[in-house]
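As provided, run.cif (mmCIF, C-alpha atoms) reads as follows.
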```
data_start
#
loop_
_atom_site.group_PDB
_atom_site.id
_atom_site.type_symbol
_atom_site.label_atom_id
_atom_site.label_comp_id
_atom_site.auth_asym_id
_atom_site.auth_seq_id
_atom_site.Cartn_x
_atom_site.Cartn_y
_atom_site.Cartn_z
ATOM 1 C CA MET I 87 54.428 128.456 102.013
ATOM 2 C CA GLU I 88 57.322 126.418 103.359
ATOM 3 C CA THR I 89 59.427 127.224 106.425
ATOM 4 C CA HIS I 90 62.914 128.478 105.616
ATOM 5 C CA ASN I 91 66.192 127.379 107.100
ATOM 6 C CA THR I 92 67.888 129.134 109.988
ATOM 7 C CA TYR I 93 70.961 130.264 108.072
ATOM 8 C CA HIS I 94 73.605 128.595 110.267
ATOM 9 C CA ASN I 95 76.530 128.993 107.863
ATOM 10 C CA LEU I 96 76.383 132.717 107.116
ATOM 11 C CA ILE I 97 80.134 133.028 107.707
ATOM 12 C CA ASP I 98 80.894 130.513 104.933
ATOM 13 C CA ALA I 99 78.417 132.141 102.539
ATOM 14 C CA ILE I 100 80.088 135.521 103.040
ATOM 15 C CA ILE I 101 83.574 134.070 102.515
ATOM 16 C CA ASP I 102 82.355 132.485 99.269
ATOM 17 C CA ILE I 103 81.058 135.853 98.079
ATOM 18 C CA GLU I 104 84.132 137.823 99.142
ATOM 19 C CA GLU I 105 86.458 135.392 97.374
ATOM 20 C CA ASP I 106 84.750 136.238 94.083
ATOM 21 C CA PRO I 107 86.377 139.375 92.603
ATOM 22 C CA ASP I 108 83.009 140.448 91.165
ATOM 23 C CA SER I 109 81.422 140.737 94.619
ATOM 24 C CA ARG I 110 84.351 141.583 96.892
ATOM 25 C CA ASP I 111 82.974 145.112 97.242
ATOM 26 C CA PRO I 112 80.369 144.945 100.082
ATOM 27 C CA ALA I 113 78.008 147.128 98.026
ATOM 28 C CA ARG I 114 77.892 144.309 95.461
ATOM 29 C CA GLY I 115 78.267 141.514 97.967
ATOM 30 C CA PHE I 116 75.292 142.358 100.180
ATOM 31 C CA PRO I 117 72.556 142.085 97.518
ATOM 32 C CA ARG I 118 74.239 138.895 96.301
ATOM 33 C CA LEU I 119 74.092 137.571 99.877
ATOM 34 C CA LEU I 120 70.383 138.340 100.013
ATOM 35 C CA CYS I 121 69.788 136.637 96.655
ATOM 36 C CA GLU I 122 71.979 133.575 97.113
ATOM 37 C CA TYR I 123 71.514 132.954 100.829
ATOM 38 C CA PHE I 124 68.627 134.642 102.626
ATOM 39 C CA PHE I 125 66.275 134.564 99.607
ATOM 40 C CA ALA I 126 68.003 131.855 97.592
ATOM 41 C CA LYS I 127 64.967 129.798 96.608
ATOM 42 C CA GLU I 128 62.814 132.749 95.642
ATOM 43 C CA SER I 129 65.574 134.543 93.726
ATOM 44 C CA SER I 130 66.566 131.461 91.772
ATOM 45 C CA GLU I 131 62.980 130.731 90.774
ATOM 46 C CA ASN I 132 61.872 134.295 90.064
ATOM 47 C CA LYS I 133 64.239 136.723 88.347
ATOM 48 C CA ALA I 134 61.987 139.709 89.127
ATOM 49 C CA ILE I 135 62.564 139.138 92.846
ATOM 50 C CA ALA I 136 66.321 138.955 92.311
ATOM 51 C CA GLY I 137 66.205 142.092 90.177
ATOM 52 C CA TYR I 138 64.411 144.021 92.905
ATOM 53 C CA ILE I 139 66.843 142.873 95.608
ATOM 54 C CA TYR I 140 69.795 144.169 93.574
ATOM 55 C CA GLN I 141 68.165 147.630 93.531
ATOM 56 C CA ILE I 142 67.810 147.923 97.329
ATOM 57 C CA PRO I 143 69.975 150.800 98.681
ATOM 58 C CA ILE I 144 73.008 149.605 100.640
ATOM 59 C CA PRO I 145 73.483 151.171 104.112
ATOM 60 C CA ASP I 146 76.750 153.049 104.631
ATOM 61 C CA VAL I 147 77.762 150.787 107.523
ATOM 62 C CA ILE I 148 77.876 147.798 105.168
ATOM 63 C CA LYS I 149 80.035 149.697 102.693
ATOM 64 C CA GLN I 150 82.370 150.843 105.474
ATOM 65 C CA LYS I 151 82.805 147.677 107.532
ATOM 66 C CA GLY I 152 82.347 144.875 105.021
ATOM 67 C CA LEU I 153 80.105 141.858 105.526
ATOM 68 C CA LEU I 154 82.211 139.742 107.876
ATOM 69 C CA LYS I 155 82.551 142.518 110.440
ATOM 70 C CA LEU I 156 78.848 143.317 110.567
ATOM 71 C CA ALA I 157 77.360 142.902 114.007
ATOM 72 C CA PRO I 158 73.575 142.662 114.429
ATOM 73 C CA GLU I 159 73.440 146.221 115.804
ATOM 74 C CA ASP I 160 75.030 147.474 112.584
ATOM 75 C CA ILE I 161 72.116 146.373 110.445
ATOM 76 C CA VAL I 162 69.300 146.207 112.979
ATOM 77 C CA GLN I 163 67.843 149.525 111.798
ATOM 78 C CA MET I 164 67.792 148.333 108.199
ATOM 79 C CA ILE I 165 66.279 144.981 109.089
ATOM 80 C CA GLU I 166 63.761 146.206 111.675
ATOM 81 C CA GLY I 167 62.961 149.663 110.273
ATOM 82 C CA GLU I 168 60.679 152.265 111.831
ATOM 83 C CA ASN I 169 57.649 150.059 111.192
ATOM 84 C CA LEU I 170 56.972 146.640 109.694
ATOM 85 C CA ASN I 171 56.551 147.952 106.131
ATOM 86 C CA GLU I 172 60.042 149.476 106.221
ATOM 87 C CA THR I 173 61.821 146.338 107.411
ATOM 88 C CA LEU I 174 64.241 144.638 105.034
ATOM 89 C CA CYS I 175 62.096 141.571 104.487
ATOM 90 C CA ALA I 176 58.875 143.557 104.123
ATOM 91 C CA ARG I 177 60.437 145.664 101.370
ATOM 92 C CA ILE I 178 61.119 142.444 99.490
ATOM 93 C CA MET I 179 58.174 140.275 100.489
ATOM 94 C CA LEU I 180 55.483 142.915 99.891
ATOM 95 C CA GLN I 181 56.621 143.481 96.310
ATOM 96 C CA PRO I 182 54.025 142.354 93.729
ATOM 97 C CA ALA I 183 56.564 139.996 92.138
ATOM 98 C CA TYR I 184 57.161 138.285 95.479
ATOM 99 C CA LEU I 185 53.476 138.082 96.397
ATOM 100 C CA LYS I 186 52.660 136.627 92.977
ATOM 101 C CA TYR I 187 55.414 134.046 93.457
ATOM 102 C CA ALA I 188 54.554 133.126 97.055
ATOM 103 C CA PHE I 189 50.763 133.365 96.856
ATOM 104 C CA PRO I 190 49.891 132.642 93.204
ATOM 105 C CA HIS I 191 46.173 132.124 93.907
ATOM 106 C CA HIS I 192 45.660 135.673 95.165
ATOM 107 C CA SER I 193 45.973 139.178 93.762
ATOM 108 C CA PRO I 194 49.641 140.274 94.024
ATOM 109 C CA SER I 195 48.687 143.254 96.175
ATOM 110 C CA PHE I 196 48.902 143.081 99.954
ATOM 111 C CA SER I 197 45.913 145.410 100.436
ATOM 112 C CA LYS I 198 43.712 143.073 98.386
ATOM 113 C CA MET I 199 44.724 139.906 100.208
ATOM 114 C CA PRO I 200 42.195 138.113 102.485
ATOM 115 C CA PRO I 201 42.734 138.849 106.209
ATOM 116 C CA ASP I 202 44.100 135.360 106.966
ATOM 117 C CA ILE I 203 46.664 135.635 104.149
ATOM 118 C CA LYS I 204 47.681 139.101 105.330
ATOM 119 C CA GLY I 205 48.289 137.656 108.772
ATOM 120 C CA GLU I 206 50.385 134.854 107.279
ATOM 121 C CA ILE I 207 52.479 137.321 105.265
ATOM 122 C CA ILE I 208 53.105 139.503 108.334
ATOM 123 C CA ARG I 209 54.154 136.423 110.323
ATOM 124 C CA LEU I 210 56.553 135.325 107.572
ATOM 125 C CA ILE I 211 58.076 138.804 107.309
ATOM 126 C CA LYS I 212 58.698 139.011 111.071
ATOM 127 C CA GLU I 213 60.099 135.483 111.106
ATOM 128 C CA ARG I 214 62.531 136.129 108.238
ATOM 129 C CA ASN I 215 63.700 139.425 109.759
ATOM 130 C CA GLN I 216 64.473 137.646 113.020
ATOM 131 C CA MET I 217 66.250 134.793 111.240
ATOM 132 C CA ILE I 218 68.551 137.262 109.473
ATOM 133 C CA LEU I 219 69.356 139.047 112.741
ATOM 134 C CA LYS I 220 70.063 135.730 114.455
ATOM 135 C CA ALA I 221 72.288 134.692 111.540
ATOM 136 C CA PHE I 222 74.479 137.756 112.061
ATOM 137 C CA GLU I 223 74.528 137.123 115.812
ATOM 138 C CA LYS I 224 75.647 133.546 115.231
ATOM 139 C CA MET I 225 78.254 134.672 112.706
ATOM 140 C CA GLN I 226 79.940 136.860 115.312
ATOM 141 C CA GLN I 227 79.842 133.945 117.775
ATOM 142 C CA ASP I 228 81.423 131.724 115.115
ATOM 143 C CA ILE I 229 84.136 134.288 114.467
ATOM 144 C CA GLN I 230 84.995 134.530 118.170
ATOM 145 C CA ALA I 231 85.001 130.735 118.516
ATOM 146 C CA THR I 232 87.281 130.446 115.480
ATOM 147 C CA LYS I 233 89.814 132.759 117.120
ATOM 148 C CA GLU I 234 89.863 130.711 120.341
ATOM 149 C CA ARG I 235 89.456 127.065 119.216
ATOM 150 C CA ASN I 236 92.300 124.631 119.845
ATOM 151 C CA ILE I 237 93.101 121.690 117.601
ATOM 152 C CA LYS I 238 91.442 119.077 119.815
ATOM 153 C CA THR I 239 88.209 121.069 119.915
ATOM 154 C CA LEU I 240 88.411 121.638 116.171
ATOM 155 C CA ILE I 241 88.774 117.916 115.460
ATOM 156 C CA ALA I 242 85.881 117.113 117.816
ATOM 157 C CA LEU I 243 83.715 119.622 115.931
ATOM 158 C CA ILE I 244 84.760 118.140 112.591
ATOM 159 C CA LEU I 245 83.816 114.664 113.854
ATOM 160 C CA LYS I 246 80.400 115.914 114.983
ATOM 161 C CA ASN I 247 79.752 117.414 111.545
ATOM 162 C CA VAL I 248 80.986 114.269 109.787
ATOM 163 C CA HIS I 249 78.474 112.245 111.809
ATOM 164 C CA LEU I 250 75.651 114.679 110.971
ATOM 165 C CA LYS I 251 76.463 114.853 107.264
ATOM 166 C CA THR I 252 77.134 111.165 106.602
ATOM 167 C CA GLY I 253 74.684 109.630 109.056
ATOM 168 C CA MET I 254 77.310 107.032 109.968
ATOM 169 C CA PRO I 255 76.707 105.649 113.485
ATOM 170 C CA PHE I 256 79.223 106.081 116.266
ATOM 171 C CA ALA I 257 80.837 102.955 117.716
ATOM 172 C CA LYS I 258 80.836 102.165 121.426
ATOM 173 C CA ILE I 259 84.082 103.553 122.782
ATOM 174 C CA SER I 260 85.777 102.839 126.098
ATOM 175 C CA GLU I 261 87.425 106.226 126.556
ATOM 176 C CA PRO I 262 86.502 109.883 125.998
ATOM 177 C CA VAL I 263 86.660 111.222 122.457
ATOM 178 C CA GLY I 264 89.164 113.849 123.566
ATOM 179 C CA GLN I 265 91.601 111.163 124.659
ATOM 180 C CA LEU I 266 91.256 109.346 121.347
ATOM 181 C CA ILE I 267 91.968 112.575 119.500
ATOM 182 C CA GLU I 268 95.061 113.192 121.633
ATOM 183 C CA LYS I 269 96.304 109.654 120.930
ATOM 184 C CA ASN I 270 96.124 110.220 117.184
ATOM 185 C CA PHE I 271 97.036 113.889 116.693
ATOM 186 C CA ASN I 272 99.801 116.196 117.887
ATOM 187 C CA PHE I 273 99.551 119.854 118.976
ATOM 188 C CA CYS I 274 96.054 119.237 120.411
ATOM 189 C CA ASN I 275 96.220 122.101 122.912
ATOM 190 C CA GLU I 276 97.485 124.663 120.406
ATOM 191 C CA THR I 277 95.055 127.337 119.256
ATOM 192 C CA PHE I 278 94.321 126.594 115.617
ATOM 193 C CA ILE I 279 95.732 129.437 113.531
ATOM 194 C CA ALA I 280 95.914 127.478 110.249
ATOM 195 C CA SER I 281 99.699 127.332 110.213
ATOM 196 C CA ASN I 282 101.249 124.991 107.641
ATOM 197 C CA LYS I 283 102.250 122.597 110.428
ATOM 198 C CA GLN I 284 98.707 122.498 111.825
ATOM 199 C CA ILE I 285 97.051 122.138 108.425
ATOM 200 C CA HIS I 286 99.331 119.214 107.611
ATOM 201 C CA GLU I 287 98.514 117.612 110.969
ATOM 202 C CA ILE I 288 94.728 117.722 110.678
ATOM 203 C CA ASN I 289 94.905 116.433 107.080
ATOM 204 C CA ASP I 290 97.190 113.477 107.825
ATOM 205 C CA ASP I 291 95.433 110.606 106.040
ATOM 206 C CA ALA I 292 96.693 107.814 108.299
ATOM 207 C CA LYS I 293 95.827 109.678 111.504
ATOM 208 C CA ILE I 294 92.363 110.579 110.231
ATOM 209 C CA LYS I 295 91.570 106.982 109.286
ATOM 210 C CA ASN I 296 92.856 105.583 112.581
ATOM 211 C CA LEU I 297 90.633 107.975 114.505
ATOM 212 C CA LEU I 298 87.595 107.349 112.300
ATOM 213 C CA LYS I 299 87.941 103.568 112.670
ATOM 214 C CA SER I 300 87.974 104.025 116.452
ATOM 215 C CA LEU I 301 84.901 106.217 116.534
ATOM 216 C CA PHE I 302 82.567 104.964 113.818
ATOM 217 C CA VAL I 303 81.065 101.620 112.900
ATOM 218 C CA VAL I 304 83.023 101.035 109.689
ATOM 219 C CA LYS I 305 82.319 97.777 107.857
ATOM 220 C CA ARG I 306 83.554 98.476 104.334
ATOM 221 C CA PHE I 307 86.431 100.316 102.680
ATOM 222 C CA ASP I 308 84.065 102.674 100.844
ATOM 223 C CA GLU I 309 82.507 103.710 104.160
ATOM 224 C CA LEU I 310 85.921 104.639 105.529
ATOM 225 C CA ALA I 311 86.692 106.519 102.308
ATOM 226 C CA GLU I 312 83.414 108.465 102.616
ATOM 227 C CA LEU I 313 84.137 109.365 106.232
ATOM 228 C CA THR I 314 87.698 110.399 105.418
ATOM 229 C CA GLN I 315 86.551 112.633 102.580
ATOM 230 C CA ALA I 316 83.886 114.209 104.791
ATOM 231 C CA PHE I 317 86.519 114.846 107.486
ATOM 232 C CA LYS I 318 88.873 116.530 105.022
ATOM 233 C CA THR I 319 86.067 118.624 103.548
ATOM 234 C CA GLU I 320 85.169 119.933 107.015
ATOM 235 C CA ALA I 321 88.839 120.502 107.857
ATOM 236 C CA LYS I 322 89.199 122.555 104.685
ATOM 237 C CA ARG I 323 86.119 124.617 105.553
ATOM 238 C CA PHE I 324 87.391 125.465 109.025
ATOM 239 C CA THR I 325 90.890 126.149 107.713
ATOM 240 C CA ARG I 326 89.493 128.632 105.220
ATOM 241 C CA ARG I 327 87.405 130.301 107.946
ATOM 242 C CA THR I 328 90.454 130.666 110.169
ATOM 243 C CA GLN I 329 92.681 132.030 107.415
ATOM 244 C CA ARG I 330 90.071 134.607 106.421
ATOM 245 C CA ILE I 331 89.316 135.735 109.975
ATOM 246 C CA LEU I 332 92.940 135.994 111.090
ATOM 247 C CA GLN I 333 94.272 137.706 107.973
#
```
Show the structure stored in the file as structure tokens.
Amino acid sequence: METHNTYHNLIDAIIDIEEDPDSRDPARGFPRLLCEYFFAKESSENKAIAGYIYQIPIPDVIKQKGLLKLAPEDIVQMIEGENLNETLCARIMLQPAYLKYAFPHHSPSFSKMPPDIKGEIIRLIKERNQMILKAFEKMQQDIQATKERNIKTLIALILKNVHLKTGMPFAKISEPVGQLIEKNFNFCNETFIASNKQIHEINDDAKIKNLLKSLFVVKRFDELAELTQAFKTEAKRFTRRTQRILQ
């Protein structure tokens, strides 16, 4: 069974869900989060798994606080439980539908599984529980960073993500990236609060392209266009985060 991702963008997944009127209520949003994010592959490939997840009782703290304000300690009891069988991921991953999906060559009953498969299932349950807890920990770190980030730091982060997502190599530069950002953009030391002035600044096409040409090895027009689009996509993502968190 394959290793799952580490759920780095929980904050964006929750904003997506909360922007949909059908799942704005945390009681509807949480099972959707489980289906579309933490158990996305399984739920999309097996409707019985998705159906079971939507029947899991929602803790009161989730209904009261909403998803974005959940700290790990708010859901730790639900995720960790009194024992392994009562943990969030065990309640899902020990279901016959899940076992049949994940281990199709064995009986879909944990008690009838061979000892080595039982050990693998227990390891996967513990691993997924921890990944979910760490995702909520990182989300709160992301929220705090969003509240404190200035424009120069934001642009540097956007550039890092553009590099990761496009694979475009950095050029050799003769001065620090921060100085290049300050040469191209205004208001660099302002905390980014997604004001109209700031949004206009970080989406200025000419300034973006000048900075990208300084930082990346750009040989063709289409490469610059790809980088510029990636920059604007990231800027939009962080703008949306900031607007949602500060509202």
Practice task
Please evaluate the PyMOL selection byres ((chain I and resi 141) around 12) against the structure above and give the resulting residues as a list in words.
Solution key: Ala113, Arg114, Phe116, Pro117, Arg118, Leu120, Cys121, Ala134, Ile135, Ala136, Gly137, Tyr138, Ile139, Tyr140, Ile142, Pro143, Ile144, Arg177 and Ile178 of chain I
Exercise for the section: May I ask for the distance between CA of Ile101 (chain I) and CA of Thr325 (chain I), given in Å to one decimal place? Expected result: 12.0 Å
Problem - Who sits within 6 Å of region 227-236 of chain I, all atoms listed in the file, same chain under 2 positions skipped, as number ranges by chain - result: I: 224-225, 238-239, 275-278
Counting all atoms listed in the file, what is within 12 Å of Gln163 (chain I), bar same-chain residues fewer than 4 positions away, as a compact mmCIF listing (two decimals) with C-alpha atoms, in the coordinates of the input?
```txt
# COMPACT_ATOMS: atom_id res chain seq x y z
CA PRO I 145 73.48 151.17 104.11
CA ASP I 146 76.75 153.05 104.63
CA VAL I 147 77.76 150.79 107.52
CA ALA I 157 77.36 142.90 114.01
CA PRO I 158 73.58 142.66 114.43
CA GLU I 159 73.44 146.22 115.80
CA GLY I 167 62.96 149.66 110.27
CA GLU I 168 60.68 152.26 111.83
CA ASN I 169 57.65 150.06 111.19
CA LEU I 170 56.97 146.64 109.69
CA GLU I 172 60.04 149.48 106.22
CA THR I 173 61.82 146.34 107.41
CA LEU I 174 64.24 144.64 105.03
CA ASN I 215 63.70 139.43 109.76
CA LEU I 219 69.36 139.05 112.74
```
Practice task
For CA of Ile211 (chain I) and CA of Lys133 (chain I), quote the distance in Å rounded to one decimal.
Solution key: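 Calculated distance between CA of Ile211 (chain I) and CA of Lys133 (chain I) is 20.0 Å.
Distances from I:Met199, I:Leu156, I:Leu185, I:Ala257 to Ile218 (chain I) were compared using all atoms listed in the file, and the smallest one belongs to I:Leu156.
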Let me have the centre and edge lengths of the axis-aligned box enclosing all listed atoms of region 114-120 of chain I with 5 Å padding on every side, in Å to one decimal, as JSON.
```
{"center_x": 74.3, "center_y": 140.9, "center_z": 97.8, "size_x": 17.9, "size_y": 16.7, "size_z": 14.7}
```
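CA of His286 (chain I) is found 13.2 Å from CA of Ile241 (chain I).
This file gives the following result for the PyMOL selection byres ((chain I and resi 285) around 12): Ile237, Leu240, Ile241, Phe271, Asn272, Phe273, Phe278, Ile279, Ala280, Ser281, Asn282, Lys283, Gln284, His286, Glu287, Ile288, Asn289, Asp290, Asp291, Lys318, Ala321, Lys322, Arg323, Phe324, Thr325, Arg326, Thr328 and Gln329 of chain I.
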Practice task
Check which residues satisfy the PyMOL selection byres ((chain I and resi 203) around 12) in the file shown, then give them as a PyMOL selection string.
Solution key: chain I and resi 87+185+188-202+204-210
Practice task
Find the residue from I:Ile148, I:Ile331, I:Leu298, I:Ala316 that sits nearest to Lys251 (chain I); use all atoms listed in the file when measuring.
Solution key: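 Counting all atoms listed in the file, the residue closest to Lys251 (chain I) is I:Ala316.
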Practice task
Using only C-alpha atoms, determine which residues lie at most 8 Å from Pro255 (chain I), disregarding the query and same-chain residues fewer than 5 positions distant; provide the list as a list in words.
Solution key: His249, Phe302 and Val303 of chain I
Completion exercise
Restricting to only C-alpha atoms, whichever of I:Ala176, I:Leu243, I:Val162, I:Met217 is closest to Leu96 (chain I) is I:Met217
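Compared by their closest atoms to Lys149 (chain I), and using only C-alpha atoms, the residues I:Gly115, I:Glu122, I:Met179, I:Ser130 rank with I:Gly115 nearest.
Ranking I:Cys175, I:Ala221, I:Ala183, I:Leu250 by their shortest atom-to-atom distance to Asp98 (chain I), with only C-alpha atoms included, puts I:Ala221 first.
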Fill in the blank from the handout: From the list I:His94, I:Lys212, I:Gly152, I:Lys186, the nearest residue to Pro112 (chain I) using only C-alpha atoms is I:Gly152
Mind filling out region 90-111 of chain I with N, CA, C and O atoms and sending it as a PDB file, in the coordinates of the input?
```pdb
ATOM      1  N   HIS I  90      61.562 128.333 106.155  1.00  0.00           N
ATOM      2  CA  HIS I  90      62.914 128.478 105.616  1.00  0.00           C
ATOM      3  C   HIS I  90      63.954 128.057 106.649  1.00  0.00           C
ATOM      4  O   HIS I  90      63.667 127.946 107.831  1.00  0.00           O
ATOM      5  N   ASN I  91      65.162 127.838 106.184  1.00  0.00           N
ATOM      6  CA  ASN I  91      66.192 127.379 107.100  1.00  0.00           C
ATOM      7  C   ASN I  91      66.605 128.499 108.041  1.00  0.00           C
ATOM      8  O   ASN I  91      66.130 129.617 107.953  1.00  0.00           O
ATOM      9  N   THR I  92      67.509 128.174 108.963  1.00  0.00           N
ATOM     10  CA  THR I  92      67.888 129.134 109.988  1.00  0.00           C
ATOM     11  C   THR I  92      69.254 129.758 109.717  1.00  0.00           C
ATOM     12  O   THR I  92      69.821 130.400 110.582  1.00  0.00           O
ATOM     13  N   TYR I  93      69.777 129.547 108.532  1.00  0.00           N
ATOM     14  CA  TYR I  93      70.961 130.264 108.072  1.00  0.00           C
ATOM     15  C   TYR I  93      72.160 130.108 109.024  1.00  0.00           C
ATOM     16  O   TYR I  93      72.741 131.084 109.476  1.00  0.00           O
ATOM     17  N   HIS I  94      72.529 128.848 109.304  1.00  0.00           N
ATOM     18  CA  HIS I  94      73.605 128.595 110.267  1.00  0.00           C
ATOM     19  C   HIS I  94      74.996 128.898 109.721  1.00  0.00           C
ATOM     20  O   HIS I  94      75.916 129.123 110.499  1.00  0.00           O
ATOM     21  N   ASN I  95      75.179 128.860 108.421  1.00  0.00           N
ATOM     22  CA  ASN I  95      76.530 128.993 107.863  1.00  0.00           C
ATOM     23  C   ASN I  95      76.733 130.318 107.127  1.00  0.00           C
ATOM     24  O   ASN I  95      77.345 130.368 106.074  1.00  0.00           O
ATOM     25  N   LEU I  96      76.237 131.391 107.718  1.00  0.00           N
ATOM     26  CA  LEU I  96      76.383 132.717 107.116  1.00  0.00           C
ATOM     27  C   LEU I  96      77.852 133.050 106.883  1.00  0.00           C
ATOM     28  O   LEU I  96      78.218 133.601 105.838  1.00  0.00           O
ATOM     29  N   ILE I  97      78.713 132.703 107.831  1.00  0.00           N
ATOM     30  CA  ILE I  97      80.134 133.028 107.707  1.00  0.00           C
ATOM     31  C   ILE I  97      80.732 132.413 106.437  1.00  0.00           C
ATOM     32  O   ILE I  97      81.493 133.059 105.717  1.00  0.00           O
ATOM     33  N   ASP I  98      80.365 131.177 106.126  1.00  0.00           N
ATOM     34  CA  ASP I  98      80.894 130.513 104.933  1.00  0.00           C
ATOM     35  C   ASP I  98      80.323 131.132 103.663  1.00  0.00           C
ATOM     36  O   ASP I  98      81.028 131.272 102.650  1.00  0.00           O
ATOM     37  N   ALA I  99      79.036 131.506 103.705  1.00  0.00           N
ATOM     38  CA  ALA I  99      78.417 132.141 102.539  1.00  0.00           C
ATOM     39  C   ALA I  99      79.096 133.468 102.219  1.00  0.00           C
ATOM     40  O   ALA I  99      79.344 133.789 101.047  1.00  0.00           O
ATOM     41  N   ILE I 100      79.423 134.230 103.258  1.00  0.00           N
ATOM     42  CA  ILE I 100      80.088 135.521 103.040  1.00  0.00           C
ATOM     43  C   ILE I 100      81.497 135.322 102.493  1.00  0.00           C
ATOM     44  O   ILE I 100      81.932 136.048 101.586  1.00  0.00           O
ATOM     45  N   ILE I 101      82.219 134.340 103.022  1.00  0.00           N
ATOM     46  CA  ILE I 101      83.574 134.070 102.515  1.00  0.00           C
ATOM     47  C   ILE I 101      83.513 133.673 101.043  1.00  0.00           C
ATOM     48  O   ILE I 101      84.337 134.116 100.235  1.00  0.00           O
ATOM     49  N   ASP I 102      82.530 132.860 100.684  1.00  0.00           N
ATOM     50  CA  ASP I 102      82.355 132.485  99.269  1.00  0.00           C
ATOM     51  C   ASP I 102      82.191 133.731  98.401  1.00  0.00           C
ATOM     52  O   ASP I 102      82.817 133.855  97.341  1.00  0.00           O
ATOM     53  N   ILE I 103      81.344 134.640  98.843  1.00  0.00           N
ATOM     54  CA  ILE I 103      81.058 135.853  98.079  1.00  0.00           C
ATOM     55  C   ILE I 103      82.287 136.749  97.998  1.00  0.00           C
ATOM     56  O   ILE I 103      82.624 137.276  96.937  1.00  0.00           O
ATOM     57  N   GLU I 104      82.984 136.911  99.116  1.00  0.00           N
ATOM     58  CA  GLU I 104      84.132 137.823  99.142  1.00  0.00           C
ATOM     59  C   GLU I 104      85.336 137.272  98.382  1.00  0.00           C
ATOM     60  O   GLU I 104      86.232 138.029  98.016  1.00  0.00           O
ATOM     61  N   GLU I 105      85.362 135.971  98.157  1.00  0.00           N
ATOM     62  CA  GLU I 105      86.458 135.392  97.374  1.00  0.00           C
ATOM     63  C   GLU I 105      86.250 135.574  95.878  1.00  0.00           C
ATOM     64  O   GLU I 105      87.161 135.352  95.084  1.00  0.00           O
ATOM     65  N   ASP I 106      85.054 135.975  95.489  1.00  0.00           N
ATOM     66  CA  ASP I 106      84.750 136.238  94.083  1.00  0.00           C
ATOM     67  C   ASP I 106      85.073 137.705  93.800  1.00  0.00           C
ATOM     68  O   ASP I 106      84.484 138.602  94.416  1.00  0.00           O
ATOM     69  N   PRO I 107      86.003 137.977  92.891  1.00  0.00           N
ATOM     70  CA  PRO I 107      86.377 139.375  92.603  1.00  0.00           C
ATOM     71  C   PRO I 107      85.194 140.252  92.219  1.00  0.00           C
ATOM     72  O   PRO I 107      85.198 141.455  92.477  1.00  0.00           O
ATOM     73  N   ASP I 108      84.162 139.665  91.617  1.00  0.00           N
ATOM     74  CA  ASP I 108      83.009 140.448  91.165  1.00  0.00           C
ATOM     75  C   ASP I 108      82.140 140.946  92.320  1.00  0.00           C
ATOM     76  O   ASP I 108      81.331 141.858  92.132  1.00  0.00           O
ATOM     77  N   SER I 109      82.276 140.325  93.497  1.00  0.00           N
ATOM     78  CA  SER I 109      81.422 140.737  94.619  1.00  0.00           C
ATOM     79  C   SER I 109      82.226 141.004  95.884  1.00  0.00           C
ATOM     80  O   SER I 109      81.697 140.959  96.982  1.00  0.00           O
ATOM     81  N   ARG I 110      83.510 141.287  95.732  1.00  0.00           N
ATOM     82  CA  ARG I 110      84.351 141.583  96.892  1.00  0.00           C
ATOM     83  C   ARG I 110      83.935 142.900  97.545  1.00  0.00           C
ATOM     84  O   ARG I 110      84.029 143.069  98.752  1.00  0.00           O
ATOM     85  N   ASP I 111      83.484 143.845  96.731  1.00  0.00           N
ATOM     86  CA  ASP I 111      82.974 145.112  97.242  1.00  0.00           C
ATOM     87  C   ASP I 111      81.663 144.835  98.003  1.00  0.00           C
ATOM     88  O   ASP I 111      80.736 144.246  97.440  1.00  0.00           O
TER      89      ASP I 111
END
```
